[in-house]
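Data first, discussion second: the structure below is written as structure tokens.
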Amino acid sequence: MNHRNRLELRKFVAPEFVCGQGALDLAGRYAHNLGMRHLLLVTDPVVRAVGWAEAVGESLTEAGVSFTIYDSVSPNPRAGEVMAGAEVYWSEGCNGIVAVGGGSPMDCAKGIGIVSVSGRDILSFEGVDQVPLPPPPLICVPTTAGTSADISQFAIIKDEEGRRKVAIISKALVPDVSLLDPEPLTTMPRDLTVDTGIDALTHAIEAYVSNASSPITDLHALESIRLTSKAMPAVLENPDDLNLRFSTLLASLHAGLAFSNASVGAVHAMAHALGGVYDLAHGRCNALLLEYVIEANYEAASIRYDRIGAILGQGQDEWMSPAGVVAAFRRSLGISGTLSTLGVTRDMIPALAERAYVDPCLATNPRDLSREEIEEIYERAL
Amino acid sequence: MSGHSDPRLAREALREKIIGLGETSLHKSYYPELQSRLAELERFRALLDQTYDAIFLIQAKGGRVVDFNATAQRYLGYSREELLSRSFEDLVCPEQRSDFLDYARRKHRSPAESGETYRVSLLTRDGRDIPMEVAFRSVTFGDDRYIVAIARDITERIRIERDLRIKESAFESSINGILIADLERAVTYANPSFAEMFGYSGPEALRGMNLDRFFVDPSVAEEIVRDLLQNRPVILEVEGLRRDESSFHIEVSGSAVQNETGQPFCIMLIVMDITERIRLDNLKRESYAQLGKNIEQFAVIGDHIRNPLQVIVGCAEMIDDPLAEKILEQAGLIDRFIAELDRGWVESANVRNFLRKHGEEAELPERRPIQPDN
């Protein structure tokens, strides 16, 4: 592993968050206190169908805050959906946003916020620190435990035309308030629980080995891995157990606090490329790439990877490599197969590697990876 | 990663920014924007405070004044707290309050048309009334409706309007004809007397007509305008031309009206019908001439009397009769009467001058006294 100077400058940014049963009911109070009079409630059709958007809406109504629902959000939110949401924001005279759902509605809400104050195309904000004006107040009510978009300074938007995922990274994207209520997690199907859980684990692992990690992010990353290792298998057995759901929510929160400040690495850079080209579930891509990236990075952060392996692999063969432990863990959650089974073809690997190579997430990977090395990882994951 | 040709340096710069240590890496804060907006508001407020108009923001429900500019305070003299504790209705002078409330109720039902204003006097803190012309507009901030009242002090305008009305009235009621024309000699105003004098139905019929039309000799109009534009005084007697083509005597005086930079932009003529004066002058002239002739004849008769009287005196002196003395005495008496008449009428320099002036220079004969022969 590269030797790190403990005295190197680091920052830590976190939003206000409220966690616990009933946090969702505080949406109205927070919206009112943030000066929202009429807000845009960004969600997706599934979350709306199971009633969580409605529950948040009731809280808003009780607090005297009116709202317009915008649910034209698909998994991997599109730039066009962001721009259409901004049009609704303007036309309805909104002055704040509440996002209810997983990573897609929350990222879309962040995008709408950026566009609403500038009027520019969302894709023009690609990169780091490209958001000059603070977006309107944003309250997030996550209904999944994994993306941590409710905590992070990231928004990932799909450029449909370019068939790529665009990372917008700015402290201005950190939401004002996150209301972490375990109850909405109970309506997640098993696959979504697994994919988002693995997403949280990937966030924690990549933040822990990131070349931008700090003692503070390390605390959160390790606690997240510990919580995930215990709660994830259990919650699949008892999906209605609020305590277990809450553990996964805390795991996601810790992972979010860690990666939002230490950033992530090659797994996310490569998953973004896959998501852009194939429109695949982000968590599933992470799950199928993670062990191969660990193998490629291992020498650059062996002690940290070993520690991760030790936490995740408790009770397993102590000689198993961290990559092997991670692979075993994801298989234990029922994630099998390879990138091929998701439809990825070999001929696309150079193009995927090219996209991953320019992804900003690669800047904090513990090891500098060349295009060829990235191609090799894709090959192995195929 | 732009700005660095070396990919490693570019990636390092990107990493610095992701860590949050980039120069423009700022936590979400509305404060800079708030400061910018506040500065913008302060600039706008300064603009509003410098306007000639008093501006009030009034709550539509209840009519309470919730904001105003510095001009409003300057006009009315209230402190900020005093103004904020009043309704706009309180600022209206008591005599007009009822009318104002009627207007406000009417406009509440059907909002004011663009450009519509309402005249009302506002009450200053020291009890004076300031006549104002107020434009009311409805605005909505959030869920609340407000009225913006923009009030302009029209004290000076009312004074000017009054002065104008007086002048207008003077023009309209003047027995002299008054006519205003532009520099192209097109009539822009004529008073009723002018129209009547020239045989037109009313002043409106003359608007746009050329000045030349009112003179028997049309070149007179051009000369008048030229003289006026050269700052030469114009007072002249000419022949005017009525609508029915008949002529009459007029006296025309005029002046050029100048703008604020001293440039003439119109001319004004005052026209008097002097037909009657001319007739009287002619009559007087004839009378004085007749009087002169009569006096002259009287002087001649005096001389005619003196000649036979001289003979009578001569004869009386030659006869030796007690009556001769009496005859001479009576002849002397007649001569003194004639001499006295000469002194009183003919030898008076004032009378002669007067007659000379008004009697076509009638010359009177030299007088000679009757002398008894020695």
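As shown in the structure tokens, the chain order sets the letters A, B, ...; within each chain, residues go from 1, and ligands are also counted from 1 in the order they appear.
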DSSP alpha helix (DSSP H) residues within stretch 78-319 of chain B, listed as a ChimeraX atom specification:
/B:80-84,88-91,94-109,155-173,192-197,219-229,275-318
Please return, as a tab-separated table (two decimals) with C-alpha atoms, in the first residue's frame, all residues of chain A lying within 8 Å of chain B when only C-alpha atoms are considered.
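See part_9.tsv below for the written result:
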chain	number	residue	atom	x	y	z
A	9	LEU	CA	-5.20	17.79	4.62
A	10	ARG	CA	-8.63	16.21	4.68
A	11	LYS	CA	-12.16	17.56	4.97
A	13	VAL	CA	-18.77	17.21	5.14
A	128	VAL	CA	-15.91	18.26	-9.77
A	129	ASP	CA	-16.86	21.65	-8.29
A	133	LEU	CA	-24.76	28.42	-7.19
A	134	PRO	CA	-26.32	26.65	-4.23
A	135	PRO	CA	-29.37	24.64	-5.27
A	169	ILE	CA	-19.45	16.05	-7.68
A	170	SER	CA	-19.84	19.11	-5.51
A	171	LYS	CA	-20.28	19.90	-1.85
A	172	ALA	CA	-23.25	21.96	-2.98
A	173	LEU	CA	-25.01	18.65	-3.72
A	174	VAL	CA	-24.96	17.48	-0.13
A	212	ALA	CA	-8.25	10.27	0.03
A	261	ASN	CA	-15.59	12.51	1.80
A	262	ALA	CA	-12.97	9.94	0.75
A	263	SER	CA	-14.64	9.19	-2.60
A	360	PRO	CA	-13.43	11.03	-11.79
A	363	ALA	CA	-8.67	9.58	-9.16
A	364	THR	CA	-9.05	8.21	-5.62
I'd like the contact shell of A:Leu236 - 12 Å cut-off, only C-alpha atoms, skipping same-chain residues fewer than 6 positions apart - returned as a PyMOL selection string.
chain A and resi 185-186+188-195+197+228+230+244-245+248+332-334
Atoms kept (N, CA and C atoms) for selection, written as a PDB file, in the first residue's frame:
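The resulting file, out-v1.pdb, is reproduced below:
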ATOM      1  N   LEU A 185     -37.853   0.686   4.132  1.00  0.00           N
ATOM      2  CA  LEU A 185     -37.006  -0.387   3.609  1.00  0.00           C
ATOM      3  C   LEU A 185     -37.746  -1.726   3.572  1.00  0.00           C
ATOM      4  N   THR A 186     -38.802  -1.844   4.377  1.00  0.00           N
ATOM      5  CA  THR A 186     -39.498  -3.132   4.477  1.00  0.00           C
ATOM      6  C   THR A 186     -40.239  -3.486   3.195  1.00  0.00           C
ATOM      7  N   MET A 188     -38.909  -3.113   0.243  1.00  0.00           N
ATOM      8  CA  MET A 188     -37.949  -3.427  -0.833  1.00  0.00           C
ATOM      9  C   MET A 188     -38.001  -4.915  -1.160  1.00  0.00           C
ATOM     10  N   PRO A 189     -38.010  -5.276  -2.436  1.00  0.00           N
ATOM     11  CA  PRO A 189     -37.909  -6.687  -2.782  1.00  0.00           C
ATOM     12  C   PRO A 189     -36.493  -7.206  -2.478  1.00  0.00           C
ATOM     13  N   ARG A 190     -36.377  -8.528  -2.464  1.00  0.00           N
ATOM     14  CA  ARG A 190     -35.099  -9.134  -2.075  1.00  0.00           C
ATOM     15  C   ARG A 190     -33.934  -8.654  -2.954  1.00  0.00           C
ATOM     16  N   ASP A 191     -34.136  -8.668  -4.286  1.00  0.00           N
ATOM     17  CA  ASP A 191     -33.051  -8.288  -5.195  1.00  0.00           C
ATOM     18  C   ASP A 191     -32.566  -6.872  -4.935  1.00  0.00           C
ATOM     19  N   LEU A 192     -33.526  -5.996  -4.708  1.00  0.00           N
ATOM     20  CA  LEU A 192     -33.155  -4.601  -4.463  1.00  0.00           C
ATOM     21  C   LEU A 192     -32.417  -4.469  -3.135  1.00  0.00           C
ATOM     22  N   THR A 193     -32.868  -5.248  -2.146  1.00  0.00           N
ATOM     23  CA  THR A 193     -32.189  -5.229  -0.852  1.00  0.00           C
ATOM     24  C   THR A 193     -30.731  -5.662  -1.031  1.00  0.00           C
ATOM     25  N   VAL A 194     -30.540  -6.697  -1.814  1.00  0.00           N
ATOM     26  CA  VAL A 194     -29.186  -7.222  -2.025  1.00  0.00           C
ATOM     27  C   VAL A 194     -28.338  -6.217  -2.811  1.00  0.00           C
ATOM     28  N   ASP A 195     -28.877  -5.753  -3.936  1.00  0.00           N
ATOM     29  CA  ASP A 195     -28.106  -4.837  -4.784  1.00  0.00           C
ATOM     30  C   ASP A 195     -27.711  -3.567  -4.035  1.00  0.00           C
ATOM     31  N   GLY A 197     -27.563  -3.229  -0.792  1.00  0.00           N
ATOM     32  CA  GLY A 197     -26.671  -3.598   0.314  1.00  0.00           C
ATOM     33  C   GLY A 197     -25.237  -3.737  -0.180  1.00  0.00           C
ATOM     34  N   THR A 228     -22.825  -4.254   7.721  1.00  0.00           N
ATOM     35  CA  THR A 228     -23.294  -4.974   6.529  1.00  0.00           C
ATOM     36  C   THR A 228     -23.043  -6.468   6.654  1.00  0.00           C
ATOM     37  N   LYS A 230     -22.997  -8.298   9.129  1.00  0.00           N
ATOM     38  CA  LYS A 230     -23.921  -8.992  10.040  1.00  0.00           C
ATOM     39  C   LYS A 230     -25.375  -8.852   9.592  1.00  0.00           C
ATOM     40  N   LEU A 244     -33.155  -4.978  11.966  1.00  0.00           N
ATOM     41  CA  LEU A 244     -32.188  -5.362  10.939  1.00  0.00           C
ATOM     42  C   LEU A 244     -32.177  -4.348   9.794  1.00  0.00           C
ATOM     43  N   ARG A 245     -33.375  -3.914   9.412  1.00  0.00           N
ATOM     44  CA  ARG A 245     -33.464  -2.901   8.350  1.00  0.00           C
ATOM     45  C   ARG A 245     -32.720  -1.631   8.784  1.00  0.00           C
ATOM     46  N   THR A 248     -29.049  -2.015   8.319  1.00  0.00           N
ATOM     47  CA  THR A 248     -28.620  -1.800   6.925  1.00  0.00           C
ATOM     48  C   THR A 248     -28.650  -0.308   6.577  1.00  0.00           C
ATOM     49  N   SER A 332     -23.108 -15.477  -0.998  1.00  0.00           N
ATOM     50  CA  SER A 332     -23.982 -15.863   0.123  1.00  0.00           C
ATOM     51  C   SER A 332     -25.286 -15.059   0.111  1.00  0.00           C
ATOM     52  N   LEU A 333     -25.216 -13.911  -0.535  1.00  0.00           N
ATOM     53  CA  LEU A 333     -26.436 -13.086  -0.627  1.00  0.00           C
ATOM     54  C   LEU A 333     -27.261 -13.449  -1.864  1.00  0.00           C
ATOM     55  N   GLY A 334     -26.734 -14.385  -2.629  1.00  0.00           N
ATOM     56  CA  GLY A 334     -27.505 -14.839  -3.787  1.00  0.00           C
ATOM     57  C   GLY A 334     -27.115 -14.161  -5.077  1.00  0.00           C
TER      58      GLY A 334
END
Give me every strand (DSSP E or B) residue in stretch 42-145 of chain A, going by DSSP on the backbone, as a ChimeraX atom specification.
/A:42,66-70,78,97-101,127-128,138-142
Write a file of the just-selected residues containing C-alpha atoms, as a PDB file, in the first residue's frame.
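Heads up, here's the output in part.pdb:
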ATOM      1  CA  VAL A  42     -39.406  13.830  -6.585  1.00  0.00           C
ATOM      2  CA  SER A  66     -48.050  22.269  -0.597  1.00  0.00           C
ATOM      3  CA  PHE A  67     -46.284  20.163  -3.194  1.00  0.00           C
ATOM      4  CA  THR A  68     -46.250  18.889  -6.757  1.00  0.00           C
ATOM      5  CA  ILE A  69     -45.246  15.305  -7.386  1.00  0.00           C
ATOM      6  CA  TYR A  70     -42.723  14.558 -10.119  1.00  0.00           C
ATOM      7  CA  ARG A  78     -31.696  10.461 -17.460  1.00  0.00           C
ATOM      8  CA  ILE A  97     -37.327  19.778  -3.164  1.00  0.00           C
ATOM      9  CA  VAL A  98     -38.102  16.626  -1.228  1.00  0.00           C
ATOM     10  CA  ALA A  99     -36.776  13.372  -2.706  1.00  0.00           C
ATOM     11  CA  VAL A 100     -38.439  10.127  -1.679  1.00  0.00           C
ATOM     12  CA  GLY A 101     -36.936   6.888  -3.009  1.00  0.00           C
ATOM     13  CA  GLY A 127     -17.047  16.990 -13.132  1.00  0.00           C
ATOM     14  CA  VAL A 128     -15.912  18.258  -9.773  1.00  0.00           C
ATOM     15  CA  LEU A 138     -33.259  19.477  -0.478  1.00  0.00           C
ATOM     16  CA  ILE A 139     -34.683  16.955   1.969  1.00  0.00           C
ATOM     17  CA  CYS A 140     -34.046  13.284   1.256  1.00  0.00           C
ATOM     18  CA  VAL A 141     -36.123  10.388   2.491  1.00  0.00           C
ATOM     19  CA  PRO A 142     -34.293   7.238   1.318  1.00  0.00           C
TER      20      PRO A 142
END
Excluding same-chain residues fewer than 5 positions from stretch 42-50 of chain B, what lies within 9 Å of it counting only C-alpha atoms, as a list in words?
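What passes the distance filter is Arg37, Ile55, Phe68, Asn69, Ala70, Thr71 and Ala72 of chain B.
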Can I get the selection written as an mmCIF file, in the first residue's frame, with C-alpha atoms?
data_model
loop_
_atom_site.group_PDB
_atom_site.id
_atom_site.type_symbol
_atom_site.label_atom_id
_atom_site.label_comp_id
_atom_site.auth_asym_id
_atom_site.auth_seq_id
_atom_site.Cartn_x
_atom_site.Cartn_y
_atom_site.Cartn_z
ATOM 1 C CA ARG B 37 -29.089 39.617 -3.356
ATOM 2 C CA ILE B 55 -43.903 54.723 -2.894
ATOM 3 C CA PHE B 68 -42.323 52.764 1.839
ATOM 4 C CA ASN B 69 -39.409 54.640 0.355
ATOM 5 C CA ALA B 70 -37.484 57.556 1.815
ATOM 6 C CA THR B 71 -39.378 60.024 -0.391
ATOM 7 C CA ALA B 72 -42.626 59.057 1.347
#
So how many Å separate atom CA of A:Pro350 and atom CA of A:Gly275, to one decimal?
15.2 Å
Pick from A:Ile311, A:Ala327, A:Ala287, A:Leu257: nearest to A:Phe17, with only C-alpha atoms counted?
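Among the listed residues, the smallest separation from A:Phe17 belongs to A:Leu257.
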Would you list the contacts of B:Arg279 as a VMD selection string, taking every protein, DNA or RNA residue within 12 Å and counting only C-alpha atoms, but skipping same-chain residues closer than 6 positions in sequence?
chain B and resid 248 to 249 273 285 to 286
Within 12 Å of A:Ala200, counting only C-alpha atoms, which residues show up once you throw out same-chain ones fewer than 6 positions away? Write them as a VMD selection string, please.
chain A and resid 103 144 to 149 193 to 194 206 to 207 220 to 229 232 247 to 260 264 268 282 to 284 286 to 287 290
Given only C-alpha atoms as the basis, pick out the residue of A:Val267, A:Leu26, A:Ala381, A:Val73 nearest to A:Val177.
A:Leu26
What lies within 6 Å of B:Ala151 using only C-alpha atoms, ignoring chain neighbours under 5 positions off, as an MDAnalysis selection string?
chainID B and resid 53:54 132:134
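For the pair atom CA of B:Phe136 and atom CA of B:Glu95, the interatomic distance is 20.3 Å.
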Atom CA of A:Val115 and atom CA of A:Tyr89, how far apart in Å?
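A separation of 9.7 Å between them.
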Taking into account only C-alpha atoms, which residue in the set A:Tyr30, A:Tyr278, A:Phe329, A:Phe12 is nearest to A:Arg164?
A:Tyr278
